[in-house]
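Asker: So that you have it, the file is query.cif, and it contains mmCIF, C-alpha atoms:
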```cif
data_input
#
loop_
_atom_site.label_atom_id
_atom_site.label_comp_id
_atom_site.auth_asym_id
_atom_site.auth_seq_id
_atom_site.Cartn_x
_atom_site.Cartn_y
_atom_site.Cartn_z
CA MET A 1 -0.95 -27.12 20.56
CA ASN A 2 -4.52 -27.82 21.67
CA LYS A 3 -6.66 -27.36 18.57
CA SER A 4 -9.52 -25.79 20.52
CA LYS A 5 -7.41 -23.24 22.39
CA LEU A 6 -4.71 -20.78 21.38
CA ASN A 7 -2.59 -18.88 23.89
CA VAL A 8 -1.91 -15.42 22.45
CA ALA A 9 0.68 -12.78 23.30
CA ILE A 10 0.49 -9.26 21.88
CA ILE A 11 3.61 -7.14 21.43
CA GLY A 12 2.75 -3.50 20.71
CA LEU A 13 -0.26 -1.77 22.28
CA GLY A 14 -0.86 1.13 19.92
CA THR A 15 -4.11 1.65 18.03
CA VAL A 16 -4.18 -1.82 16.48
CA GLY A 17 -2.88 -3.69 19.53
CA SER A 18 -5.49 -2.03 21.73
CA GLY A 19 -8.13 -2.88 19.14
CA VAL A 20 -7.13 -6.55 19.18
CA ILE A 21 -7.47 -6.69 22.98
CA LYS A 22 -10.91 -5.06 22.79
CA LEU A 23 -12.02 -7.45 20.05
CA LEU A 24 -10.76 -10.56 21.83
CA LYS A 25 -12.59 -9.53 24.99
CA ARG A 26 -15.81 -8.52 23.25
CA GLN A 27 -16.03 -11.43 20.80
CA LYS A 28 -14.42 -14.23 22.82
CA ASN A 29 -17.67 -16.13 23.43
CA ASN A 30 -18.96 -15.48 19.92
CA ILE A 31 -15.74 -16.85 18.39
CA LYS A 32 -15.92 -19.94 20.61
CA ASN A 33 -19.60 -20.56 19.79
CA ARG A 34 -19.08 -20.20 16.04
CA THR A 35 -15.73 -21.99 15.66
CA GLY A 36 -15.18 -24.04 18.80
CA ILE A 37 -11.92 -22.12 19.30
CA GLU A 38 -10.91 -20.31 22.45
CA LEU A 39 -8.45 -17.44 22.01
CA GLU A 40 -6.78 -16.72 25.35
CA LEU A 41 -4.68 -13.58 25.78
CA VAL A 42 -1.90 -14.69 28.16
CA ALA A 43 0.74 -11.94 27.86
CA ILE A 44 1.27 -8.39 26.59
CA SER A 45 4.25 -6.12 26.02
CA ALA A 46 4.96 -2.57 24.86
CA LYS A 47 7.54 0.16 25.31
CA ASN A 48 5.79 1.95 28.17
CA LYS A 49 3.59 0.16 30.68
CA ARG A 50 2.39 3.43 32.26
CA LYS A 51 1.24 5.04 29.02
CA LYS A 52 -2.40 6.12 29.06
CA ARG A 53 -4.42 3.79 26.83
CA SER A 54 -8.03 3.30 25.76
CA ILE A 55 -8.01 -0.16 27.38
CA ASP A 56 -7.41 -1.58 30.84
CA ILE A 57 -4.29 -3.76 30.65
CA SER A 58 -4.20 -4.70 34.34
CA PRO A 59 -5.86 -8.13 33.85
CA TYR A 60 -3.04 -9.31 31.59
CA ARG A 61 0.46 -10.56 32.37
CA TRP A 62 2.95 -7.83 31.46
CA ILE A 63 6.34 -8.90 30.11
CA ALA A 64 8.69 -5.97 29.51
CA SER A 65 11.02 -7.73 27.07
CA PRO A 66 9.56 -8.76 23.70
CA ILE A 67 12.31 -11.35 23.32
CA THR A 68 11.27 -12.94 26.60
CA ILE A 69 7.72 -13.31 25.27
CA ALA A 70 9.12 -14.87 22.10
CA ARG A 71 10.67 -17.60 24.28
CA ASP A 72 7.75 -18.06 26.70
CA PRO A 73 6.63 -21.73 26.68
CA ASP A 74 3.05 -20.75 27.58
CA VAL A 75 2.62 -18.73 24.38
CA ASP A 76 1.42 -20.40 21.15
CA VAL A 77 1.30 -17.37 18.88
CA ILE A 78 2.89 -13.92 18.85
CA VAL A 79 0.92 -10.96 17.50
CA GLU A 80 3.64 -8.49 16.45
CA LEU A 81 2.33 -4.91 16.16
CA ILE A 82 5.35 -2.77 17.00
CA GLY A 83 6.34 -1.78 13.47
CA ASP A 84 9.86 -1.73 12.11
CA MET A 85 11.47 0.51 14.74
CA ASP A 86 15.08 -0.21 15.80
CA ASN A 87 15.05 -3.74 14.36
CA THR A 88 13.10 -5.12 17.34
CA ALA A 89 10.28 -6.58 15.25
CA ARG A 90 12.71 -8.54 13.10
CA LYS A 91 14.45 -10.01 16.15
CA VAL A 92 11.14 -10.90 17.81
CA ILE A 93 9.72 -12.63 14.74
CA LYS A 94 12.86 -14.70 14.15
CA GLU A 95 13.19 -15.62 17.82
CA ALA A 96 9.53 -16.59 18.08
CA ILE A 97 9.63 -18.79 14.99
CA ASN A 98 12.82 -20.46 16.19
CA ASN A 99 10.98 -21.23 19.43
CA GLY A 100 8.10 -22.87 17.56
CA LYS A 101 5.59 -20.03 17.80
CA HIS A 102 3.20 -18.92 15.11
CA ILE A 103 3.33 -15.28 13.96
CA VAL A 104 0.57 -12.81 13.14
CA THR A 105 1.89 -9.43 12.03
CA ALA A 106 0.76 -6.20 10.38
CA ASN A 107 4.33 -5.23 9.53
CA LYS A 108 4.19 -4.72 5.74
CA SER A 109 7.53 -2.90 5.64
CA LEU A 110 9.43 -5.76 7.23
CA LEU A 111 7.55 -8.42 5.27
CA ALA A 112 8.19 -6.67 1.95
CA LYS A 113 11.91 -6.73 2.73
CA GLU A 114 12.34 -10.05 4.55
CA GLY A 115 9.09 -11.97 4.17
CA SER A 116 10.71 -14.70 2.09
CA SER A 117 13.30 -15.54 4.73
CA PHE A 118 10.64 -15.50 7.47
CA GLU A 119 8.45 -17.90 5.54
CA GLU A 120 11.39 -20.19 4.79
CA LEU A 121 12.13 -20.35 8.51
CA ALA A 122 8.43 -20.81 9.39
CA LYS A 123 8.20 -23.81 7.05
CA LYS A 124 11.34 -25.29 8.55
CA LYS A 125 9.92 -24.94 12.07
CA SER A 126 6.40 -26.07 11.03
CA VAL A 127 4.70 -22.88 12.20
CA PHE A 128 2.43 -20.40 10.45
CA LEU A 129 3.16 -16.84 9.34
CA ARG A 130 0.01 -14.76 8.81
CA TYR A 131 -0.32 -11.07 7.85
CA GLU A 132 -3.83 -10.23 6.66
CA ALA A 133 -3.65 -6.92 8.54
CA ALA A 134 -0.52 -5.81 6.66
CA VAL A 135 -2.46 -4.94 3.49
CA ALA A 136 -5.72 -2.97 3.11
CA GLY A 137 -6.84 -3.02 6.75
CA GLY A 138 -10.19 -4.78 7.01
CA ILE A 139 -10.33 -6.08 3.40
CA PRO A 140 -9.48 -9.82 3.50
CA ILE A 141 -7.43 -9.58 0.31
CA ILE A 142 -4.71 -12.03 1.40
CA LYS A 143 -7.28 -14.78 2.00
CA VAL A 144 -8.94 -13.96 -1.32
CA LEU A 145 -5.66 -14.47 -3.19
CA GLN A 146 -4.77 -17.58 -1.20
CA ASP A 147 -8.13 -19.30 -1.28
CA SER A 148 -11.01 -17.85 -3.27
CA LEU A 149 -9.03 -17.03 -6.43
CA ILE A 150 -6.47 -19.82 -6.22
CA VAL A 151 -7.78 -21.49 -9.42
CA ASN A 152 -7.44 -18.27 -11.42
CA LYS A 153 -4.45 -17.20 -13.44
CA ILE A 154 -4.23 -13.57 -12.37
CA SER A 155 -2.79 -11.12 -14.88
CA LYS A 156 -3.29 -7.77 -13.17
CA LEU A 157 -4.21 -6.12 -9.88
CA TYR A 158 -4.56 -2.43 -9.12
CA GLY A 159 -6.07 -0.12 -6.59
CA VAL A 160 -5.85 2.57 -3.94
CA ILE A 161 -4.11 1.07 -0.90
CA ASN A 162 -2.90 4.06 1.13
CA GLY A 163 -5.61 5.84 3.09
CA THR A 164 -3.50 8.88 3.97
CA CYS A 165 -2.82 9.83 0.36
CA ASN A 166 -6.41 9.18 -0.58
CA PHE A 167 -7.59 11.38 2.29
CA ILE A 168 -5.32 14.21 1.15
CA LEU A 169 -6.31 14.02 -2.54
CA THR A 170 -10.00 13.69 -1.68
CA LYS A 171 -9.85 16.69 0.67
CA MET A 172 -8.00 18.80 -1.90
CA GLU A 173 -10.64 18.04 -4.50
CA ALA A 174 -13.67 18.53 -2.23
CA GLU A 175 -12.49 21.76 -0.58
CA GLY A 176 -10.27 23.33 -3.23
CA ARG A 177 -7.26 23.44 -0.91
CA GLU A 178 -3.57 23.11 -1.73
CA TYR A 179 -1.52 20.04 -0.89
CA THR A 180 0.58 21.62 1.89
CA ASP A 181 -2.53 22.83 3.72
CA VAL A 182 -4.30 19.46 3.64
CA PHE A 183 -1.10 17.59 4.47
CA SER A 184 -0.76 19.68 7.65
CA GLU A 185 -4.33 18.81 8.63
CA ALA A 186 -3.67 15.10 8.02
CA GLN A 187 -0.64 15.32 10.31
CA GLN A 188 -2.68 17.01 13.05
CA LEU A 189 -5.31 14.28 12.79
CA GLY A 190 -2.63 11.61 13.22
CA TYR A 191 -3.12 10.14 9.74
CA VAL A 192 0.52 10.55 8.64
CA GLU A 193 3.38 8.23 9.62
CA SER A 194 6.17 9.68 11.79
CA ASP A 195 8.23 9.54 8.61
CA PRO A 196 5.80 11.21 6.15
CA ARG A 197 7.65 9.83 3.12
CA LEU A 198 6.23 6.38 3.90
CA ASP A 199 2.76 7.70 3.07
CA ILE A 200 3.06 10.65 0.72
CA GLY A 201 6.16 9.23 -1.01
CA GLY A 202 4.25 6.08 -2.02
CA ILE A 203 6.56 3.79 -0.01
CA ASP A 204 3.78 2.31 2.14
CA SER A 205 1.84 1.43 -1.01
CA ALA A 206 4.98 -0.08 -2.55
CA HIS A 207 5.42 -2.40 0.45
CA LYS A 208 1.83 -3.58 0.13
CA LEU A 209 2.03 -3.96 -3.64
CA ALA A 210 5.17 -6.11 -3.43
CA LEU A 211 3.33 -8.51 -1.11
CA LEU A 212 0.21 -8.61 -3.30
CA SER A 213 2.24 -9.20 -6.48
CA CYS A 214 4.05 -12.15 -4.95
CA LEU A 215 0.79 -13.74 -3.84
CA ALA A 216 -1.14 -12.99 -7.03
CA PHE A 217 1.43 -14.11 -9.59
CA GLY A 218 3.61 -16.58 -7.67
CA THR A 219 6.67 -14.52 -8.51
CA SER A 220 9.45 -13.91 -6.01
CA LEU A 221 9.10 -11.02 -3.57
CA ASP A 222 10.58 -7.94 -5.25
CA LEU A 223 10.23 -4.63 -3.39
CA LYS A 224 13.12 -3.06 -5.33
CA GLY A 225 11.23 -3.71 -8.56
CA VAL A 226 8.36 -1.39 -7.60
CA LYS A 227 8.64 1.94 -9.45
CA THR A 228 7.54 4.44 -6.80
CA GLU A 229 6.37 8.06 -6.95
CA GLY A 230 4.44 10.07 -4.37
CA ILE A 231 1.86 12.86 -4.40
CA ASP A 232 3.71 15.85 -2.93
CA HIS A 233 4.04 17.53 -6.35
CA ILE A 234 0.28 17.43 -7.04
CA SER A 235 -1.39 20.86 -6.89
CA ILE A 236 -5.02 21.88 -6.67
CA GLU A 237 -4.59 23.15 -10.21
CA ASP A 238 -3.81 19.63 -11.40
CA ILE A 239 -6.90 18.29 -9.64
CA ASP A 240 -9.10 21.01 -11.13
CA GLU A 241 -7.73 20.51 -14.66
CA ALA A 242 -8.21 16.74 -14.37
CA HIS A 243 -11.81 17.36 -13.30
CA LEU A 244 -12.47 19.53 -16.36
CA ILE A 245 -11.52 16.71 -18.74
CA GLY A 246 -13.44 14.03 -16.81
CA TYR A 247 -10.81 12.57 -14.48
CA LYS A 248 -9.76 12.36 -10.85
CA ILE A 249 -6.23 11.97 -9.50
CA LYS A 250 -5.52 8.93 -7.32
CA LEU A 251 -2.32 7.35 -6.04
CA LEU A 252 -2.66 4.04 -7.88
CA ALA A 253 -0.78 0.83 -7.12
CA THR A 254 -0.58 -1.44 -10.17
CA ALA A 255 0.97 -4.85 -10.80
CA GLU A 256 0.84 -6.81 -14.06
CA TYR A 257 2.37 -10.14 -15.01
CA GLN A 258 2.15 -11.10 -18.66
CA LYS A 259 4.51 -13.06 -20.92
CA LYS A 260 6.97 -13.46 -18.04
CA LEU A 261 7.19 -9.70 -17.66
CA LEU A 262 6.42 -8.26 -14.20
CA ARG A 263 5.48 -4.59 -13.90
CA GLN A 264 4.94 -3.01 -10.49
CA GLU A 265 4.25 0.68 -10.01
CA VAL A 266 2.93 3.14 -7.43
CA SER A 267 2.28 6.64 -8.79
CA PRO A 268 -0.43 9.30 -9.20
CA LYS A 269 -2.74 8.63 -12.15
CA LEU A 270 -5.60 10.37 -13.88
CA ILE A 271 -8.56 7.98 -13.64
CA ARG A 272 -11.97 8.47 -15.27
CA LYS A 273 -14.58 9.80 -12.84
CA ASP A 274 -16.95 6.89 -13.57
CA SER A 275 -14.36 4.24 -12.68
CA PRO A 276 -14.99 2.45 -9.34
CA ILE A 277 -11.39 3.30 -8.42
CA ALA A 278 -12.17 7.02 -8.68
CA GLN A 279 -15.16 6.71 -6.34
CA VAL A 280 -13.25 5.82 -3.16
CA ASN A 281 -12.90 8.70 -0.74
CA GLY A 282 -11.07 9.36 2.51
CA SER A 283 -9.22 6.40 3.98
CA THR A 284 -11.20 3.78 2.05
CA ASN A 285 -9.11 1.26 0.09
CA ILE A 286 -10.08 -0.50 -3.14
CA ILE A 287 -8.38 -3.33 -5.00
CA ALA A 288 -9.33 -4.76 -8.39
CA ILE A 289 -8.10 -8.17 -9.55
CA GLU A 290 -8.23 -9.47 -13.12
CA GLY A 291 -8.38 -13.27 -13.30
CA GLU A 292 -8.63 -15.67 -16.23
CA GLU A 293 -11.84 -17.31 -15.01
CA ILE A 294 -13.59 -14.51 -13.12
CA GLY A 295 -12.73 -11.44 -15.20
CA THR A 296 -12.44 -8.36 -12.98
CA THR A 297 -13.53 -8.47 -9.36
CA ILE A 298 -13.33 -5.52 -6.96
CA PHE A 299 -12.87 -5.39 -3.19
CA SER A 300 -13.40 -2.22 -1.19
CA GLY A 301 -13.49 -1.33 2.49
CA PRO A 302 -11.77 0.46 5.36
CA GLY A 303 -8.02 0.49 4.76
CA ALA A 304 -7.01 1.27 8.32
CA GLY A 305 -8.37 1.96 11.77
CA MET A 306 -8.62 0.12 15.06
CA GLY A 307 -11.64 -2.09 14.33
CA PRO A 308 -10.98 -3.18 10.73
CA THR A 309 -7.30 -3.95 11.28
CA ALA A 310 -7.94 -5.76 14.56
CA SER A 311 -10.57 -7.83 12.75
CA SER A 312 -7.94 -9.00 10.27
CA VAL A 313 -5.52 -9.87 13.07
CA VAL A 314 -8.07 -11.96 14.95
CA SER A 315 -9.22 -13.73 11.78
CA ASP A 316 -5.60 -14.87 11.34
CA LEU A 317 -5.59 -16.18 14.91
CA VAL A 318 -8.73 -18.22 14.19
CA ALA A 319 -7.17 -19.59 10.99
CA ILE A 320 -4.08 -20.71 12.90
CA ALA A 321 -6.08 -22.28 15.73
CA SER A 322 -8.29 -24.18 13.29
CA ARG A 323 -5.20 -25.36 11.35
CA LYS A 324 -6.67 -23.81 8.19
CA SER A 325 -3.59 -21.70 7.68
CA LYS A 326 -1.25 -22.44 4.80
CA SER A 327 1.80 -21.17 3.00
CA THR A 328 1.44 -17.55 1.97
CA PHE A 329 3.73 -18.09 -1.04
CA LEU A 330 6.04 -15.26 -0.01
CA ASN A 331 8.93 -17.29 -1.37
CA GLY A 332 7.41 -17.19 -4.84
CA ASP A 333 8.58 -19.34 -7.73
CA LYS A 334 12.24 -20.17 -7.23
CA ASN A 335 12.47 -20.90 -10.96
CA PHE A 336 10.99 -17.55 -11.94
CA SER A 337 13.20 -15.99 -14.58
CA GLY A 338 10.91 -13.26 -15.86
CA LYS A 339 12.11 -9.71 -16.37
CA ARG A 340 11.13 -6.70 -14.31
CA ASP A 341 9.65 -3.86 -16.31
CA LYS A 342 9.92 -0.31 -14.97
CA THR A 343 7.06 0.68 -17.33
CA LEU A 344 9.25 2.66 -19.74
CA THR A 345 7.98 0.59 -22.69
CA LYS A 346 4.26 0.96 -21.97
CA GLU A 347 2.29 3.32 -24.23
CA SER A 348 0.00 5.78 -22.44
CA SER A 349 -1.44 9.25 -22.72
CA PHE A 350 -0.21 11.86 -20.24
CA TYR A 351 -1.35 15.04 -18.53
CA LEU A 352 1.41 17.69 -18.46
CA ARG A 353 1.71 20.98 -16.62
CA PHE A 354 4.49 23.52 -17.20
CA VAL A 355 5.06 26.84 -15.40
CA LEU A 356 6.94 28.81 -18.07
CA LYS A 357 8.73 32.11 -18.35
CA ASP A 358 6.29 34.27 -20.27
CA LYS A 359 8.57 35.23 -23.14
CA PRO A 360 8.23 35.05 -26.93
CA GLY A 361 9.07 31.68 -28.47
CA VAL A 362 8.94 29.68 -25.24
CA ILE A 363 5.95 27.53 -26.23
CA ALA A 364 7.43 26.89 -29.68
CA ARG A 365 10.70 25.68 -28.15
CA LEU A 366 8.84 23.42 -25.71
CA SER A 367 6.59 21.98 -28.43
CA GLY A 368 9.65 21.40 -30.60
CA LYS A 369 11.28 19.24 -27.93
CA LEU A 370 8.10 17.21 -27.52
CA GLY A 371 7.79 16.76 -31.27
CA SER A 372 11.42 15.72 -31.68
CA CYS A 373 10.77 12.88 -29.22
CA GLY A 374 7.71 11.71 -31.14
CA ILE A 375 5.15 13.12 -28.68
CA SER A 376 1.91 14.40 -30.18
CA ILE A 377 -0.20 16.97 -28.32
CA ASN A 378 -3.91 16.17 -27.96
CA GLN A 379 -5.16 19.26 -26.07
CA MET A 380 -3.41 22.41 -24.87
CA LYS A 381 -4.30 25.63 -23.09
CA GLN A 382 -2.32 28.53 -21.65
CA LYS A 383 -3.13 30.40 -18.43
CA PRO A 384 -1.33 33.67 -17.60
CA LEU A 385 0.20 34.12 -14.15
CA PRO A 386 1.58 37.19 -12.32
CA LYS A 387 5.21 38.27 -12.68
CA GLN A 388 5.72 37.24 -16.30
CA LYS A 389 4.87 33.58 -15.83
CA ALA A 390 2.40 31.35 -17.64
CA THR A 391 0.97 27.91 -16.97
CA LEU A 392 0.71 25.57 -19.94
CA ILE A 393 -1.62 22.59 -19.55
CA MET A 394 -1.70 19.79 -22.11
CA THR A 395 -2.58 16.18 -22.68
CA THR A 396 -0.75 13.95 -25.12
CA HIS A 397 -1.73 11.19 -27.47
CA LYS A 398 -0.35 7.78 -26.52
CA THR A 399 3.41 7.66 -26.28
CA VAL A 400 6.15 5.57 -24.72
CA ARG A 401 7.11 6.84 -21.27
CA LYS A 402 10.85 6.78 -21.95
CA ASN A 403 10.28 9.17 -24.87
CA LEU A 404 8.33 11.53 -22.62
CA GLU A 405 11.02 11.40 -19.94
CA LYS A 406 13.67 12.27 -22.53
CA ALA A 407 11.57 15.20 -23.75
CA LEU A 408 11.03 16.52 -20.21
CA ASN A 409 14.75 16.28 -19.47
CA ASP A 410 15.49 18.21 -22.68
CA ILE A 411 12.89 20.84 -21.76
CA ARG A 412 14.41 21.32 -18.31
CA ARG A 413 17.79 21.96 -19.92
CA LEU A 414 16.25 24.78 -21.99
CA LYS A 415 15.78 26.71 -18.71
CA ILE A 416 12.38 27.99 -19.81
CA CYS A 417 10.50 26.47 -16.83
CA GLU A 418 10.03 28.22 -13.49
CA GLN A 419 9.60 24.87 -11.74
CA ARG A 420 9.88 21.16 -12.46
CA PRO A 421 7.26 20.04 -15.02
CA VAL A 422 4.45 17.83 -13.76
CA SER A 423 3.56 14.70 -15.72
CA ILE A 424 0.80 12.28 -14.72
CA GLU A 425 -0.13 9.17 -16.68
CA ILE A 426 -3.76 8.78 -17.78
CA GLU A 427 -4.83 5.27 -16.78
CA GLU A 428 -7.84 3.88 -18.62
CA ILE A 429 -9.37 1.43 -16.15
#
```
Turn this file's structure into structure tokens for me.

Answerer:
Amino acid sequence: MNKSKLNVAIIGLGTVGSGVIKLLKRQKNNIKNRTGIELELVAISAKNKRKKRSIDISPYRWIASPITIARDPDVDVIVELIGDMDNTARKVIKEAINNGKHIVTANKSLLAKEGSSFEELAKKKSVFLRYEAAVAGGIPIIKVLQDSLIVNKISKLYGVINGTCNFILTKMEAEGREYTDVFSEAQQLGYVESDPRLDIGGIDSAHKLALLSCLAFGTSLDLKGVKTEGIDHISIEDIDEAHLIGYKIKLLATAEYQKKLLRQEVSPKLIRKDSPIAQVNGSTNIIAIEGEEIGTTIFSGPGAGMGPTASSVVSDLVAIASRKSKSTFLNGDKNFSGKRDKTLTKESSFYLRFVLKDKPGVIARLSGKLGSCGISINQMKQKPLPKQKATLIMTTHKTVRKNLEKALNDIRRLKICEQRPVSIEIEEI
């Protein structure tokens, strides 16, 4: 490969793929002047050549089969932007690496599941695997973990890394609207994945967190170890009650590695209003990293979108062309023997909401179950509802999560609740 020139093929011409083409065209001379590197787009591919797009694709060589591009001798690097549909991305990446081609991808789902095997193969074939665009859009968090913070022993990282959920929660809070209403708007605006569970179920955040954990701590890639909960049970009432006691609700991704114990979790949390994490609105992402030498450092920026994500893709191309790329550590420490913690042993305070049958003795029975599991109530208030129902809102003193889960299971068996109780951890960050 000529160090000063990189022949690029793009597979997938959706929002990001189109953005990469625009950026390469617009910034080609600037990139060459600043780095001495020429990025030449030599081939493109997508499902439908005739689809109406925001870019003119006629100047570029069209190759219908992605596998054919993966074998093309004129191509140095494949930019894979087709997602994880029908296993095509996996086949393309493996075929391209086997044919000595570098890979740039935004496919967090596939990387979280098979990134280790891809990297193993890339090392064997002496090619680079880059994926800055897979996590947090335009925030260069992968490079930060690889380069800037490499001398730090990182103990914790946390943040808001799914723009769709943050858009929904922000909109609910700002406009006083219920979840289902705002979710429908997000779908109409095209913010929600074709499978909504990827966003609102926390799965997208779990994919990203698994990658970040591996890079930050040097542990092996462990998607199954991420405890995952979404936001579809959050009501405007929960957001309002959180506001009254000085908190906001965010879908928080958290990873900690201490004393050979790895904890990874994606779930809604109550976060103090004055925390930087609580300040991010809309599709903005934010990630905080706690390092031994630097303390806490925070990175925030656009988590998605054509321009920011394309910027990350092209920065990976420049890194490959300049030979500044390196192992992304997706294999982790092969000797890692630490335990995975599903957070049941961590002590926290919790926000609880119960919709109860409004009958004598109901609150006493509920409180009795909490007390029998060692859970102490900090604050409590009751709000009457129509049709002989009542909402009970409370916060607890610090308790172990497994004790709370036992209490909630016991309460459900009492059949005094009109719907499943809501519990949200209060995270002091």

Asker: Find the residue from A:Gln379, A:Gln264, A:Thr396, A:Thr254 that sits nearest to Lys224 of chain A; use all atoms listed in the file when measuring.

Answerer: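 Between A:Gln379, A:Gln264, A:Thr396, A:Thr254, the residue approaching Lys224 of chain A most closely is A:Gln264.
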
Asker: With distances taken over all atoms listed in the file, which of A:Lys402, A:Arg71, A:Lys357, A:Arg34 is nearest to Cys373 of chain A?

Answerer: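 Among the listed residues, the smallest separation from Cys373 of chain A belongs to A:Lys402.
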
Asker: Restricting the calculation to all atoms listed in the file, which member of A:Lys125, A:Lys156, A:Arg272, A:His207 is positioned closest to Glu425 of chain A?

Answerer: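 Checking each candidate against Glu425 of chain A, we get A:Arg272 as the closest.
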
Asker: List the residues matched by the PyMOL selection byres ((chain A and resi 371) around 12) in the displayed structure as a list of chain:residue names, ordered by chain and then by residue number.

Answerer: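 With the PyMOL selection byres ((chain A and resi 371) around 12) on this model, the match is A:Ala364, A:Arg365, A:Leu366, A:Ser367, A:Gly368, A:Lys369, A:Leu370, A:Ser372, A:Cys373, A:Gly374, A:Ile375, A:Ser376, A:Ile377, A:Thr396, A:His397, A:Thr399, A:Asn403, A:Leu404, A:Lys406, A:Ala407, A:Leu408, A:Asp410, A:Ile411.
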
Asker: What would the file look like if the residues just selected were written as a compact mmCIF listing (two decimals), in the coordinates of the input with C-alpha atoms?

Answerer:
```
# COMPACT_ATOMS: atom_id res chain seq x y z
CA ALA A 364 7.43 26.89 -29.68
CA ARG A 365 10.70 25.68 -28.15
CA LEU A 366 8.84 23.42 -25.71
CA SER A 367 6.59 21.98 -28.43
CA GLY A 368 9.65 21.40 -30.60
CA LYS A 369 11.28 19.24 -27.93
CA LEU A 370 8.10 17.21 -27.52
CA SER A 372 11.42 15.72 -31.68
CA CYS A 373 10.77 12.88 -29.22
CA GLY A 374 7.71 11.71 -31.14
CA ILE A 375 5.15 13.12 -28.68
CA SER A 376 1.91 14.40 -30.18
CA ILE A 377 -0.20 16.97 -28.32
CA THR A 396 -0.75 13.95 -25.12
CA HIS A 397 -1.73 11.19 -27.47
CA THR A 399 3.41 7.66 -26.28
CA ASN A 403 10.28 9.17 -24.87
CA LEU A 404 8.33 11.53 -22.62
CA LYS A 406 13.67 12.27 -22.53
CA ALA A 407 11.57 15.20 -23.75
CA LEU A 408 11.03 16.52 -20.21
CA ASP A 410 15.49 18.21 -22.68
CA ILE A 411 12.89 20.84 -21.76
```

Asker: From the options A:Glu185, A:Asp72, A:Asp316, A:Asp195, which residue's atoms come nearest to Ile103 of chain A, counting only C-alpha atoms?

Answerer: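 Going through A:Glu185, A:Asp72, A:Asp316, A:Asp195 one by one, the smallest distance to Ile103 of chain A is for A:Asp316.
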
Asker: Write out as a count of residues only which residues come within 7 Å of Val160 of chain A when counting all atoms listed in the file, dropping same-chain ones fewer than 4 positions away.

Answerer: 6

Asker: Go through segment 69-173 of chain A residue by residue and, counting all atoms listed in the file, keep those with an atom at most 6 Å from segment 4-17 of chain A; for each kept residue give the shortest atom pair and its distance in Å to one decimal, ordered by chain and increasing number, as a tab-separated table.

Answerer:
```
residue	atom	partner	partner_atom	distance
A:Val75	CA	A:Asn7	CA	5.2
A:Asp76	CA	A:Asn7	CA	5.1
A:Val77	CA	A:Val8	CA	5.2
A:Ile78	CA	A:Ala9	CA	5.1
A:Val79	CA	A:Ile10	CA	4.7
A:Glu80	CA	A:Ile11	CA	5.2
A:Leu81	CA	A:Gly12	CA	4.8
A:Ile82	CA	A:Gly12	CA	4.6
```

Asker: Do you know which residues the PyMOL selection byres ((chain A and resi 291) around 7) returns on this file, as a list of chain:residue names?

Answerer: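 What the PyMOL selection byres ((chain A and resi 291) around 7) grabs from the file is A:Asn152, A:Lys153, A:Ile154, A:Ser155, A:Ile289, A:Glu290, A:Glu292, A:Glu293, A:Ile294, A:Gly295, A:Thr296.
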
Asker: Here is a test: counting all atoms listed in the file, which residue of A:Ile200, A:Ala174, A:Leu414, A:Leu209 is nearest to Lys248 of chain A?

Answerer: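 Distance minimum relative to Lys248 of chain A lands on A:Ala174.
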
Asker: Nearest to Leu169 of chain A among A:Arg401, A:Lys123, A:His233, A:Arg263, with distances taken over all atoms listed in the file: which residue is it?

Answerer: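 Among the listed residues, the smallest separation from Leu169 of chain A belongs to A:His233.
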
Asker: Since the input is missing atoms for segment 373-381 of chain A, could you rebuild it with N, CA and C atoms and give the result as a short mmCIF file (atom, residue, chain, number, x, y, z; two decimals), in the coordinates of the input?

Answerer:
```cif
data_model
loop_
_atom_site.label_atom_id
_atom_site.label_comp_id
_atom_site.auth_asym_id
_atom_site.auth_seq_id
_atom_site.Cartn_x
_atom_site.Cartn_y
_atom_site.Cartn_z
N CYS A 373 10.78 14.18 -29.91
CA CYS A 373 10.77 12.88 -29.22
C CYS A 373 9.55 12.05 -29.60
N GLY A 374 8.85 12.49 -30.63
CA GLY A 374 7.71 11.71 -31.14
C GLY A 374 6.45 11.84 -30.31
N ILE A 375 6.31 12.95 -29.56
CA ILE A 375 5.15 13.12 -28.68
C ILE A 375 4.18 14.09 -29.32
N SER A 376 2.94 13.61 -29.53
CA SER A 376 1.91 14.40 -30.18
C SER A 376 0.96 14.98 -29.13
N ILE A 377 0.67 16.28 -29.27
CA ILE A 377 -0.20 16.97 -28.32
C ILE A 377 -1.66 16.77 -28.71
N ASN A 378 -2.48 16.37 -27.73
CA ASN A 378 -3.91 16.17 -27.96
C ASN A 378 -4.68 17.45 -27.67
N GLN A 379 -4.51 18.02 -26.46
CA GLN A 379 -5.16 19.26 -26.07
C GLN A 379 -4.15 20.16 -25.38
N MET A 380 -4.34 21.48 -25.50
CA MET A 380 -3.41 22.41 -24.87
C MET A 380 -4.12 23.72 -24.56
N LYS A 381 -3.80 24.30 -23.39
CA LYS A 381 -4.30 25.63 -23.09
C LYS A 381 -3.28 26.37 -22.23
#
```
